[in-house]
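J.: Dropping in upload_39.cif, with mmCIF, N, CA and C atoms.
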data_protein
#
loop_
_atom_site.label_atom_id
_atom_site.label_comp_id
_atom_site.auth_asym_id
_atom_site.auth_seq_id
_atom_site.Cartn_x
_atom_site.Cartn_y
_atom_site.Cartn_z
N MET A 2 -14.27 50.99 39.23
CA MET A 2 -14.71 50.07 38.19
C MET A 2 -13.65 49.92 37.10
N GLU A 3 -13.16 51.08 36.60
CA GLU A 3 -12.14 51.03 35.56
C GLU A 3 -10.86 50.41 36.08
N PHE A 4 -10.53 50.71 37.33
CA PHE A 4 -9.31 50.15 37.92
C PHE A 4 -9.38 48.63 37.99
N ALA A 5 -10.52 48.08 38.30
CA ALA A 5 -10.68 46.63 38.39
C ALA A 5 -10.43 45.98 37.03
N LEU A 6 -10.87 46.61 35.97
CA LEU A 6 -10.64 46.07 34.63
C LEU A 6 -9.16 46.14 34.26
N ILE A 7 -8.55 47.27 34.50
CA ILE A 7 -7.14 47.46 34.16
C ILE A 7 -6.25 46.61 35.06
N ALA A 8 -6.55 46.53 36.34
CA ALA A 8 -5.72 45.77 37.29
C ALA A 8 -5.70 44.29 36.94
N SER A 9 -6.83 43.73 36.57
CA SER A 9 -6.85 42.30 36.23
C SER A 9 -5.97 42.01 35.02
N VAL A 10 -5.98 42.88 34.02
CA VAL A 10 -5.13 42.70 32.84
C VAL A 10 -3.66 42.86 33.23
N LEU A 11 -3.35 43.84 34.05
CA LEU A 11 -1.96 44.05 34.48
C LEU A 11 -1.45 42.88 35.32
N ILE A 12 -2.27 42.36 36.20
CA ILE A 12 -1.86 41.20 37.01
C ILE A 12 -1.61 39.99 36.12
N LEU A 13 -2.46 39.77 35.13
CA LEU A 13 -2.26 38.67 34.20
C LEU A 13 -0.94 38.85 33.42
N LEU A 14 -0.64 40.06 33.00
CA LEU A 14 0.63 40.33 32.30
C LEU A 14 1.83 40.08 33.20
N VAL A 15 1.76 40.48 34.44
CA VAL A 15 2.87 40.28 35.37
C VAL A 15 3.08 38.80 35.63
N ILE A 16 2.00 38.05 35.87
CA ILE A 16 2.13 36.61 36.10
C ILE A 16 2.67 35.92 34.86
N GLY A 17 2.19 36.29 33.69
CA GLY A 17 2.69 35.71 32.44
C GLY A 17 4.17 36.00 32.24
N THR A 18 4.60 37.20 32.56
CA THR A 18 6.01 37.56 32.44
C THR A 18 6.87 36.73 33.38
N LEU A 19 6.42 36.55 34.61
CA LEU A 19 7.16 35.74 35.57
C LEU A 19 7.24 34.28 35.15
N VAL A 20 6.14 33.73 34.66
CA VAL A 20 6.12 32.33 34.24
C VAL A 20 7.06 32.11 33.05
N PHE A 21 6.97 32.96 32.04
CA PHE A 21 7.85 32.80 30.89
C PHE A 21 9.30 33.07 31.25
N GLY A 22 9.54 34.00 32.16
CA GLY A 22 10.90 34.24 32.64
C GLY A 22 11.49 33.01 33.31
N GLN A 23 10.69 32.34 34.13
CA GLN A 23 11.14 31.10 34.79
C GLN A 23 11.42 30.02 33.76
N LEU A 24 10.55 29.88 32.75
CA LEU A 24 10.79 28.89 31.70
C LEU A 24 12.09 29.17 30.95
N PHE A 25 12.34 30.42 30.62
CA PHE A 25 13.57 30.77 29.92
C PHE A 25 14.79 30.52 30.78
N LEU A 26 14.70 30.75 32.08
CA LEU A 26 15.81 30.47 32.99
C LEU A 26 16.11 28.97 33.00
N TRP A 27 15.07 28.14 33.13
CA TRP A 27 15.28 26.69 33.13
C TRP A 27 15.85 26.22 31.80
N LEU A 28 15.34 26.75 30.69
CA LEU A 28 15.84 26.34 29.37
C LEU A 28 17.30 26.77 29.19
N HIS A 29 17.64 27.95 29.63
CA HIS A 29 19.02 28.44 29.54
C HIS A 29 19.95 27.55 30.37
N THR A 30 19.53 27.18 31.56
CA THR A 30 20.33 26.30 32.42
C THR A 30 20.50 24.93 31.77
N LEU A 31 19.41 24.39 31.21
CA LEU A 31 19.50 23.10 30.51
C LEU A 31 20.47 23.17 29.33
N ASN A 32 20.38 24.23 28.54
CA ASN A 32 21.27 24.38 27.39
C ASN A 32 22.73 24.43 27.82
N ASN A 33 23.03 25.22 28.83
CA ASN A 33 24.41 25.33 29.30
C ASN A 33 24.92 24.02 29.87
N ALA A 34 24.10 23.35 30.67
CA ALA A 34 24.53 22.08 31.28
C ALA A 34 24.75 21.01 30.21
N THR A 35 23.85 20.93 29.25
CA THR A 35 23.98 19.93 28.18
C THR A 35 25.22 20.19 27.34
N ARG A 36 25.43 21.43 26.94
CA ARG A 36 26.60 21.78 26.13
C ARG A 36 27.90 21.52 26.89
N ASP A 37 27.94 21.92 28.15
CA ASP A 37 29.14 21.75 28.96
C ASP A 37 29.46 20.27 29.16
N ALA A 38 28.46 19.46 29.52
CA ALA A 38 28.68 18.03 29.75
C ALA A 38 29.11 17.32 28.47
N THR A 39 28.50 17.66 27.35
CA THR A 39 28.85 17.03 26.08
C THR A 39 30.27 17.40 25.67
N ARG A 40 30.62 18.67 25.81
CA ARG A 40 31.97 19.11 25.43
C ARG A 40 33.04 18.40 26.26
N LEU A 41 32.83 18.32 27.57
CA LEU A 41 33.82 17.66 28.42
C LEU A 41 33.93 16.17 28.12
N SER A 42 32.81 15.52 27.86
CA SER A 42 32.84 14.09 27.57
C SER A 42 33.44 13.80 26.20
N ALA A 43 33.22 14.67 25.24
CA ALA A 43 33.78 14.46 23.89
C ALA A 43 35.30 14.58 23.90
N THR A 44 35.85 15.25 24.91
CA THR A 44 37.30 15.36 25.04
C THR A 44 37.85 14.37 26.07
N CYS A 45 37.00 13.43 26.50
CA CYS A 45 37.36 12.37 27.45
C CYS A 45 37.81 12.90 28.81
N TYR A 46 37.17 13.95 29.26
CA TYR A 46 37.43 14.48 30.60
C TYR A 46 36.98 13.45 31.62
N ASP A 47 37.89 12.96 32.42
CA ASP A 47 37.60 11.89 33.39
C ASP A 47 38.34 12.18 34.69
N PRO A 48 37.79 13.04 35.55
CA PRO A 48 38.54 13.46 36.74
C PRO A 48 38.84 12.35 37.74
N ASP A 49 38.02 11.29 37.79
CA ASP A 49 38.29 10.23 38.76
C ASP A 49 38.89 8.97 38.13
N ASN A 50 39.24 9.05 36.85
CA ASN A 50 39.90 7.96 36.13
C ASN A 50 39.18 6.62 36.25
N ASP A 51 37.86 6.64 36.26
CA ASP A 51 37.11 5.37 36.31
C ASP A 51 36.68 4.93 34.92
N ASN A 52 37.00 5.72 33.91
CA ASN A 52 36.73 5.42 32.50
C ASN A 52 35.24 5.36 32.18
N ASN A 53 34.38 5.91 33.04
CA ASN A 53 32.95 5.96 32.76
C ASN A 53 32.58 7.41 32.43
N LEU A 54 32.71 7.75 31.16
CA LEU A 54 32.49 9.13 30.72
C LEU A 54 31.02 9.51 30.76
N ASN A 55 30.13 8.55 30.54
CA ASN A 55 28.70 8.86 30.57
C ASN A 55 28.22 9.21 31.98
N GLU A 56 28.88 8.65 32.97
CA GLU A 56 28.55 8.99 34.36
C GLU A 56 28.85 10.47 34.62
N HIS A 57 29.91 10.97 34.02
CA HIS A 57 30.26 12.38 34.20
C HIS A 57 29.28 13.30 33.48
N ILE A 58 28.73 12.84 32.36
CA ILE A 58 27.68 13.61 31.69
C ILE A 58 26.49 13.75 32.62
N ARG A 59 26.02 12.61 33.17
CA ARG A 59 24.88 12.64 34.08
C ARG A 59 25.18 13.52 35.29
N ASP A 60 26.35 13.35 35.90
CA ASP A 60 26.68 14.13 37.11
C ASP A 60 26.72 15.62 36.84
N ARG A 61 27.28 16.01 35.70
CA ARG A 61 27.40 17.44 35.37
C ARG A 61 26.01 18.05 35.16
N ILE A 62 25.15 17.35 34.44
CA ILE A 62 23.80 17.86 34.19
C ILE A 62 22.99 17.91 35.48
N CYS A 63 23.08 16.87 36.27
CA CYS A 63 22.31 16.81 37.52
C CYS A 63 22.79 17.85 38.53
N GLN A 64 24.07 18.13 38.53
CA GLN A 64 24.61 19.17 39.41
C GLN A 64 24.08 20.55 38.99
N ALA A 65 24.05 20.82 37.70
CA ALA A 65 23.59 22.12 37.21
C ALA A 65 22.10 22.32 37.42
N THR A 66 21.34 21.23 37.46
CA THR A 66 19.89 21.34 37.60
C THR A 66 19.42 20.95 39.00
N SER A 67 20.30 21.00 39.97
CA SER A 67 19.97 20.51 41.31
C SER A 67 18.86 21.31 41.99
N ASN A 68 18.65 22.55 41.58
CA ASN A 68 17.60 23.36 42.22
C ASN A 68 16.29 23.38 41.42
N PHE A 69 16.17 22.56 40.40
CA PHE A 69 14.94 22.50 39.61
C PHE A 69 13.84 21.79 40.40
N PRO A 70 12.62 22.32 40.38
CA PRO A 70 11.50 21.54 40.92
C PRO A 70 11.18 20.40 39.96
N ASN A 71 10.62 19.33 40.45
CA ASN A 71 10.25 18.19 39.61
C ASN A 71 11.48 17.63 38.89
N ARG A 72 12.62 17.64 39.58
CA ARG A 72 13.88 17.21 38.98
C ARG A 72 13.86 15.75 38.54
N SER A 73 12.99 14.97 39.13
CA SER A 73 12.92 13.54 38.77
C SER A 73 12.44 13.34 37.33
N SER A 74 11.91 14.37 36.70
CA SER A 74 11.43 14.23 35.32
C SER A 74 12.54 14.45 34.29
N ILE A 75 13.75 14.76 34.73
CA ILE A 75 14.86 14.97 33.79
C ILE A 75 15.28 13.64 33.19
N ILE A 76 15.34 13.59 31.87
CA ILE A 76 15.77 12.39 31.14
C ILE A 76 16.95 12.78 30.27
N ILE A 77 18.04 12.02 30.39
CA ILE A 77 19.27 12.29 29.65
C ILE A 77 19.48 11.16 28.65
N THR A 78 19.62 11.52 27.38
CA THR A 78 19.84 10.54 26.31
C THR A 78 21.22 10.78 25.72
N ILE A 79 22.03 9.73 25.64
CA ILE A 79 23.40 9.84 25.13
C ILE A 79 23.52 8.95 23.90
N GLU A 80 23.95 9.55 22.81
CA GLU A 80 24.06 8.85 21.52
C GLU A 80 25.48 9.01 21.00
N GLU A 81 26.17 7.89 20.79
CA GLU A 81 27.56 7.91 20.31
C GLU A 81 27.63 7.30 18.92
N ARG A 82 28.22 8.03 17.99
CA ARG A 82 28.31 7.56 16.60
C ARG A 82 29.76 7.61 16.14
N ASP A 83 30.11 6.72 15.19
CA ASP A 83 31.45 6.75 14.62
C ASP A 83 31.51 7.78 13.50
N GLY A 84 32.63 7.88 12.82
CA GLY A 84 32.81 8.87 11.77
C GLY A 84 31.88 8.71 10.59
N ASN A 85 31.31 7.51 10.40
CA ASN A 85 30.38 7.26 9.30
C ASN A 85 28.92 7.45 9.71
N GLY A 86 28.68 7.80 10.97
CA GLY A 86 27.32 8.03 11.44
C GLY A 86 26.63 6.79 12.00
N ASN A 87 27.38 5.67 12.14
CA ASN A 87 26.81 4.45 12.70
C ASN A 87 26.86 4.50 14.23
N LEU A 88 25.81 4.01 14.87
CA LEU A 88 25.80 3.96 16.33
C LEU A 88 26.90 3.05 16.83
N LEU A 89 27.66 3.50 17.83
CA LEU A 89 28.71 2.67 18.43
C LEU A 89 28.13 1.68 19.42
N GLU A 90 27.05 2.03 20.06
CA GLU A 90 26.35 1.15 21.00
C GLU A 90 24.92 1.65 21.10
N PRO A 91 24.04 0.88 21.72
CA PRO A 91 22.65 1.35 21.84
C PRO A 91 22.58 2.71 22.54
N ILE A 92 21.58 3.46 22.19
CA ILE A 92 21.38 4.78 22.80
C ILE A 92 21.15 4.60 24.29
N ILE A 93 21.84 5.39 25.08
CA ILE A 93 21.77 5.29 26.54
C ILE A 93 20.79 6.33 27.07
N VAL A 94 19.84 5.87 27.87
CA VAL A 94 18.87 6.77 28.49
C VAL A 94 19.04 6.63 30.00
N THR A 95 19.17 7.76 30.67
CA THR A 95 19.36 7.74 32.12
C THR A 95 18.66 8.94 32.75
N SER A 96 18.73 9.02 34.05
CA SER A 96 18.13 10.15 34.77
C SER A 96 19.01 10.49 35.96
N CYS A 97 18.67 11.55 36.66
CA CYS A 97 19.45 11.96 37.82
C CYS A 97 19.32 10.98 38.97
N SER A 98 18.26 10.21 38.99
CA SER A 98 18.06 9.26 40.09
C SER A 98 18.71 7.90 39.81
N ALA A 99 19.27 7.70 38.62
CA ALA A 99 19.91 6.42 38.29
C ALA A 99 21.18 6.24 39.11
N THR A 100 21.39 5.04 39.60
CA THR A 100 22.59 4.79 40.41
C THR A 100 23.79 4.39 39.55
N THR A 101 23.54 3.78 38.40
CA THR A 101 24.63 3.42 37.50
C THR A 101 24.30 3.88 36.08
N VAL A 102 25.36 4.15 35.34
CA VAL A 102 25.23 4.56 33.94
C VAL A 102 26.20 3.72 33.13
N PRO A 103 25.77 3.10 32.02
CA PRO A 103 26.69 2.30 31.21
C PRO A 103 27.86 3.14 30.70
N ARG A 104 29.01 2.50 30.61
CA ARG A 104 30.20 3.19 30.09
C ARG A 104 29.98 3.56 28.63
N GLY A 105 30.65 4.59 28.19
CA GLY A 105 30.52 5.01 26.81
C GLY A 105 31.70 4.58 25.97
N ILE A 106 31.52 4.64 24.67
CA ILE A 106 32.59 4.37 23.71
C ILE A 106 32.89 5.67 22.99
N ARG A 107 34.14 6.02 22.87
CA ARG A 107 34.54 7.23 22.15
C ARG A 107 35.51 6.85 21.05
N ARG A 108 35.30 7.39 19.85
CA ARG A 108 36.18 7.18 18.71
C ARG A 108 36.45 8.54 18.08
N VAL A 109 37.72 8.83 17.87
CA VAL A 109 38.10 10.10 17.27
C VAL A 109 37.38 10.26 15.93
N GLY A 110 36.79 11.43 15.71
CA GLY A 110 36.09 11.72 14.47
C GLY A 110 34.62 11.40 14.52
N GLY A 111 34.19 10.66 15.52
CA GLY A 111 32.77 10.35 15.67
C GLY A 111 32.04 11.53 16.30
N SER A 112 30.77 11.33 16.60
CA SER A 112 30.00 12.41 17.21
C SER A 112 29.34 11.92 18.49
N LEU A 113 29.20 12.82 19.41
CA LEU A 113 28.54 12.55 20.68
C LEU A 113 27.38 13.53 20.80
N THR A 114 26.17 13.01 20.93
CA THR A 114 24.98 13.85 21.07
C THR A 114 24.32 13.55 22.41
N VAL A 115 24.10 14.59 23.17
CA VAL A 115 23.41 14.47 24.46
C VAL A 115 22.14 15.30 24.36
N THR A 116 21.01 14.68 24.70
CA THR A 116 19.72 15.36 24.70
C THR A 116 19.14 15.26 26.10
N VAL A 117 18.67 16.39 26.62
CA VAL A 117 18.08 16.43 27.95
C VAL A 117 16.66 16.95 27.82
N THR A 118 15.70 16.25 28.42
CA THR A 118 14.32 16.73 28.46
C THR A 118 13.91 16.92 29.91
N TYR A 119 13.09 17.92 30.13
CA TYR A 119 12.65 18.26 31.48
C TYR A 119 11.20 18.72 31.42
N ASP A 120 10.36 18.13 32.25
CA ASP A 120 8.96 18.54 32.34
C ASP A 120 8.84 19.62 33.41
N ALA A 121 8.80 20.86 32.96
CA ALA A 121 8.79 22.01 33.86
C ALA A 121 7.39 22.26 34.40
N PRO A 122 7.26 22.30 35.73
CA PRO A 122 5.95 22.60 36.31
C PRO A 122 5.71 24.11 36.27
N VAL A 123 4.75 24.54 35.50
CA VAL A 123 4.49 25.97 35.37
C VAL A 123 3.05 26.27 35.77
N VAL A 124 2.80 27.52 36.04
CA VAL A 124 1.44 27.96 36.32
C VAL A 124 0.70 27.97 34.98
N PRO A 125 -0.33 27.14 34.82
CA PRO A 125 -1.00 27.10 33.53
C PRO A 125 -1.77 28.39 33.23
N ILE A 126 -1.66 28.83 32.00
CA ILE A 126 -2.42 29.98 31.52
C ILE A 126 -3.35 29.43 30.45
N PRO A 127 -4.65 29.39 30.71
CA PRO A 127 -5.59 28.76 29.77
C PRO A 127 -5.45 29.32 28.35
N GLY A 128 -5.30 28.41 27.42
CA GLY A 128 -5.20 28.79 26.01
C GLY A 128 -3.82 29.23 25.59
N VAL A 129 -2.88 29.38 26.55
CA VAL A 129 -1.55 29.86 26.21
C VAL A 129 -0.47 28.87 26.64
N LEU A 130 -0.57 28.38 27.87
CA LEU A 130 0.50 27.57 28.44
C LEU A 130 -0.09 26.46 29.30
N SER A 131 0.32 25.24 29.02
CA SER A 131 -0.17 24.12 29.81
C SER A 131 0.93 23.64 30.76
N SER A 132 0.53 22.90 31.77
CA SER A 132 1.50 22.40 32.74
C SER A 132 1.40 20.88 32.77
N PRO A 133 2.50 20.15 32.82
CA PRO A 133 3.88 20.63 32.74
C PRO A 133 4.27 20.94 31.29
N ARG A 134 5.25 21.76 31.15
CA ARG A 134 5.76 22.16 29.84
C ARG A 134 7.08 21.44 29.60
N ARG A 135 7.19 20.67 28.51
CA ARG A 135 8.41 19.92 28.23
C ARG A 135 9.46 20.83 27.59
N LEU A 136 10.61 20.91 28.25
CA LEU A 136 11.75 21.65 27.72
C LEU A 136 12.77 20.63 27.22
N ARG A 137 13.44 20.94 26.11
CA ARG A 137 14.39 20.01 25.50
C ARG A 137 15.64 20.77 25.09
N SER A 138 16.78 20.16 25.40
CA SER A 138 18.06 20.74 25.02
C SER A 138 18.92 19.64 24.42
N SER A 139 19.67 19.97 23.38
CA SER A 139 20.51 18.97 22.72
C SER A 139 21.83 19.61 22.32
N ALA A 140 22.91 18.83 22.43
CA ALA A 140 24.24 19.31 22.01
C ALA A 140 24.97 18.17 21.32
N THR A 141 25.67 18.48 20.25
CA THR A 141 26.47 17.50 19.51
C THR A 141 27.88 18.03 19.35
N PHE A 142 28.86 17.19 19.70
CA PHE A 142 30.26 17.55 19.55
C PHE A 142 31.00 16.42 18.86
N ARG A 143 32.07 16.78 18.16
CA ARG A 143 32.96 15.80 17.54
C ARG A 143 33.84 15.21 18.64
N MET A 144 33.98 13.89 18.63
CA MET A 144 34.81 13.23 19.64
C MET A 144 36.29 13.44 19.33
N GLU A 145 37.04 13.77 20.35
CA GLU A 145 38.46 14.09 20.19
C GLU A 145 39.36 13.08 20.87
N CYS A 146 38.82 11.90 21.20
CA CYS A 146 39.61 10.92 21.92
C CYS A 146 39.08 9.51 21.65
N ASN A 147 39.84 8.52 22.06
CA ASN A 147 39.43 7.11 21.96
C ASN A 147 39.31 6.54 23.36
N ARG A 148 38.14 5.94 23.66
CA ARG A 148 37.93 5.25 24.92
C ARG A 148 36.96 4.11 24.71
N ASN A 149 37.14 3.05 25.46
CA ASN A 149 36.18 1.92 25.44
C ASN A 149 35.46 1.86 26.75
#
Can I see the file as structure tokens?
T.:
Amino acid sequence: MEFALIASVLILLVIGTLVFGQLFLWLHTLNNATRDATRLSATCYDPDNDNNLNEHIRDRICQATSNFPNRSSIIITIEERDGNGNLLEPIIVTSCSATTVPRGIRRVGGSLTVTVTYDAPVVPIPGVLSSPRRLRSSATFRMECNRN
């Protein structure tokens, strides 16, 4: 009798630990992918010389999150601003399933902000955790190059 009471609490703790561990892993991966893609794009890293830097942001993030379940829920927002904080072009929203991504504009001294949201499918814990759980990562870097 006592074991049944203790075991149910222990099982709930183990499941909760696993669920939160998985959430932290996904959030850590999102943070690293967002930061890495933003840093490379702010320095105009363009390995295929097609001058589409936003495509490389999408590719880098989608590559890092390729093993995520419910990957189709990933939304990537790219915001480019000049040195005065004015938008250089409309905010670009894309996903891993998009076939094309608009080219970006880069101006030295401006800022590049990339925000990634992901609806993580988790085991719901009543009163504690609902499913899906939206994870969000954002990175801002100063632009170090000029590109149209």
J.: For Leu54 in chain A, which residue out of A:Pro103, A:Pro70, A:Gly86, A:Gly22 is the nearest one, using only N, CA and C atoms?
T.: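 Using only N, CA and C atoms, the shortest distance to Leu54 in chain A belongs to A:Pro103.
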J.: Given the point (36.2, 12.2, 13.7) in the file's coordinates, find the residues that have an atom at most 6 Å from it, counting only N, CA and C atoms, and give them as a VMD selection string.
T.: chain A and resid 84 108 to 111 144
J.: Neighbouring residues of Ser132 in chain A were defined as those with any atom within 8 Å, considering all atoms listed in the file; residues of the same chain fewer than 5 positions away were excluded. Please report them as a PDB file with N, CA and C atoms, in the coordinates of the input.
T.:
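File written: result18.pdb
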ATOM      1  N   ASP A 120      10.360  18.130  32.250  1.00  0.00           N
ATOM      2  CA  ASP A 120       8.960  18.540  32.340  1.00  0.00           C
ATOM      3  C   ASP A 120       8.840  19.620  33.410  1.00  0.00           C
ATOM      4  N   ALA A 121       8.800  20.860  32.960  1.00  0.00           N
ATOM      5  CA  ALA A 121       8.790  22.010  33.860  1.00  0.00           C
ATOM      6  C   ALA A 121       7.390  22.260  34.400  1.00  0.00           C
ATOM      7  N   PRO A 122       7.260  22.300  35.730  1.00  0.00           N
ATOM      8  CA  PRO A 122       5.950  22.600  36.310  1.00  0.00           C
ATOM      9  C   PRO A 122       5.710  24.110  36.270  1.00  0.00           C
ATOM     10  N   VAL A 123       4.750  24.540  35.500  1.00  0.00           N
ATOM     11  CA  VAL A 123       4.490  25.970  35.370  1.00  0.00           C
ATOM     12  C   VAL A 123       3.050  26.270  35.770  1.00  0.00           C
ATOM     13  N   VAL A 124       2.800  27.520  36.040  1.00  0.00           N
ATOM     14  CA  VAL A 124       1.440  27.960  36.320  1.00  0.00           C
ATOM     15  C   VAL A 124       0.700  27.970  34.980  1.00  0.00           C
ATOM     16  N   PRO A 125      -0.330  27.140  34.820  1.00  0.00           N
ATOM     17  CA  PRO A 125      -1.000  27.100  33.530  1.00  0.00           C
ATOM     18  C   PRO A 125      -1.770  28.390  33.230  1.00  0.00           C
ATOM     19  N   ILE A 126      -1.660  28.830  32.000  1.00  0.00           N
ATOM     20  CA  ILE A 126      -2.420  29.980  31.520  1.00  0.00           C
ATOM     21  C   ILE A 126      -3.350  29.430  30.450  1.00  0.00           C
TER      22      ILE A 126
END
J.: May I have the residues at most 8 Å from (20.0, 9.7, 22.0) in the file's coordinates, counting only N, CA and C atoms, as a ChimeraX atom specification?
T.: /A:77-81,91-94,114-116
J.: Identify, with DSSP run on backbone atoms, the residues in chain A assigned to helix (DSSP H, G or I), and express the list as a count of residues only.
T.: 56
J.: Given only C-alpha atoms as the basis, pick out the residue of A:Thr18, A:Ser73, A:Thr39, A:Asn149 nearest to Leu89 in chain A.
T.: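 Of A:Thr18, A:Ser73, A:Thr39, A:Asn149, the one nearest Leu89 in chain A is A:Asn149, counting only C-alpha atoms.
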J.: Between atom C of Cys97 in chain A and CA of Asp60 in chain A, what is the spacing in Å?
T.: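 We find that CA of Asp60 in chain A and atom C of Cys97 in chain A lie 8.2 Å from each other.
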J.: Step by step, gather every atom of range 75-87 of chain A that the file lists, find the box along x, y and z that holds them, add 6 Å on each side, and finally give centre and edge lengths in Å to one decimal, as AutoDock Vina command-line options.
T.:
--center_x 23.3 --center_y 9.7 --center_z 22.0 --size_x 31.1 --size_y 22.5 --size_z 37.4
